[in-house]
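See below for the structure under consideration.
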Amino acid sequence: MPLRVEPDSTFREALAGASRPLAGMWVCSGSALVAELCAGSGLDWLLVDAEHSPNGLESILAQLQAVNGYPVQVLVRPPVNDTVVIKQYLDMGVQNLLVPMVNSAAEAESAVAATRYPPQGVRGVGSALARAARWNRIPDYLARASETVSVSVQIESEAAVAVVEDILAVDGVDSIFLGPSDLAASMGLLGQQEHPRVRAAVEHCLAAATAAGKPAGVNAFNPSTARAYLAAGAGFVLVGADVAILARSSEALAAEYCNDNTVAENNAAQDNAVANGRATASY
């Protein structure tokens with residue numbers, strides 16, 4: 001007899017059952033090993049990114065398999081809000097989507113429709129061939145498929161901020177996520193995520209989500225900014241990234257050991273040690 005299995009819980013369920021905001025990190029390296037390492041960190045969730053990272057279908061699949069069994073929620077961000085791309089992600093077992101650059105209620109509706117089978121949506125039917133249904137080992141998968149998927153959409157433009165209430169009202173949008181970097185760029189403030197206008201726009205969206213009864217998250221690597229957004233109602237945050245942690249930590253090592261002063265100090269220390277050894281030996 002084949003095994004009968006159940007799908008994992010969704011990010012929607014994790015948010016609903018959380019007693020505190022959920023903290024997560026980006027996983028951008030494309031490495032299943034790094035993803036597994038991060039999955040055991042104790043963070044609540046990971047975001048595997050395919051919009052600005054070297055992730056294709058095969059590497060995303062490998063990361064999903066690597067982190068399976070760890071007590072962490074995994075969201076995947078496709079490169080675009082596209083029905084075919086979303087179909088492929090869902091079929092290979094992605095359960096939690098973060099859809100980028102959603103600027104209107106119509107675009108939010110399109111993202112949700114891509115996750116639903118007809119007549120509720122437009123997702124293509126291929127569950128017998130797909131990891132999503134564990135190759136038909138999840139009982140009644142077709143009837144239950146929408147329950148196994150959560151949809152978060154990104155608000156990252158002035159246009160989206162202007163209609164955030166409409167986006168939040170879309171049935172099937174489980175949460176929104178604020179992207180201050182692109183939002184700042186759309187406001188003519190490229191690279192100024194901390195600008196008061198950007199922060200005010202983010203806080204406006206957080207308040208709108210609270211009023212709508214839906215969770216909202218935000219990207220905030222600056223600890224003080226993250227705490228401010230949490231105080232303003234953010235229910236989940238991204239507070240770091242695998243590649244950024246590696247970059248900054250390796251730079252710190254280089255600063256510690258690879259500058260001329262450090263080399264001179266090390267050489268002097270070595271010379272002193274040798275001299276002391278000779279003195280001890282002669283004594």
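Going by the structure tokens order, chains are called A, B, ..., each with residues numbered from 1, while ligands are numbered from 1 in the order shown.
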Residue neighbourhood Leu46 of chain A, 12 Å, only C-alpha atoms, exclusion window fewer than 2 positions, as a PyMOL selection string | chain A and resi 11+22-28+34-44+48-49+63-64+67+70-77+96-98+236-242
For Ala113 of chain A, work out the shell of residues within 9 Å, counting only C-alpha atoms and skipping chain neighbours fewer than 4 positions away, then give it as a ChimeraX atom specification.
-> /A:83,108-109,117-118,120-123,172
Do you know which residues are at most 12 Å from Val153 of chain A counting only C-alpha atoms, after dropping those on the same chain fewer than 4 positions away, and could you put them as a ChimeraX atom specification?
-> /A:75-78,80-81,96-105,107-112,160,164,167-168,170,172-179,214-218
Correct to one decimal, the distance atom CA of Pro21 of chain A-atom CA of Leu230 of chain A is 7.4 Å
Residues flagged strand (DSSP E or B) by DSSP in segment 40-82 of chain A, as a ChimeraX atom specification | /A:45-49,73-77
Helix (DSSP H, G or I) positions in segment 55-276 of chain A, given as an MDAnalysis selection string = chainID A and resid 57:67 83:91 105:113 127:129 131:133 141:148 158:162 164:168 180:186 196:212 223:231 242:257 260:276
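Distance annotation: of A:Thr210, A:Pro79, A:Ser31, A:Met92, the residue with the minimal separation from Leu61 of chain A is A:Met92; atom set is only C-alpha atoms.
In this structure, atom CA of Ala132 of chain A sits 17.1 Å away from atom CA of Gly56 of chain A.
Going from atom CA of Ile138 of chain A over to atom CA of Glu13 of chain A, you cover 18.7 Å.
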Find the spatial neighbours of Arg137 of chain A, counting only C-alpha atoms, within a cut-off of 7 Å - ignore same-chain residues fewer than 6 positions away - and output them as a tab-separated table (two decimals) with N, CA, C and O atoms, in the first residue's frame.
chain	number	residue	atom	x	y	z
A	3	LEU	N	2.03	5.05	0.84
A	3	LEU	CA	1.84	5.90	2.01
A	3	LEU	C	0.81	6.98	1.72
A	3	LEU	O	0.73	7.49	0.60
A	4	ARG	N	0.03	7.32	2.71
A	4	ARG	CA	-0.87	8.47	2.62
A	4	ARG	C	-0.27	9.56	3.50
A	4	ARG	O	0.06	9.31	4.67
A	5	VAL	N	-0.08	10.72	2.94
A	5	VAL	CA	0.60	11.79	3.66
A	5	VAL	C	-0.29	13.03	3.71
A	5	VAL	O	-1.25	13.15	2.95
Residue nearest Gly126 of chain A - candidates A:Tyr257, A:Tyr141, A:Tyr229, A:Phe221, atoms counted: only C-alpha atoms | A:Tyr141
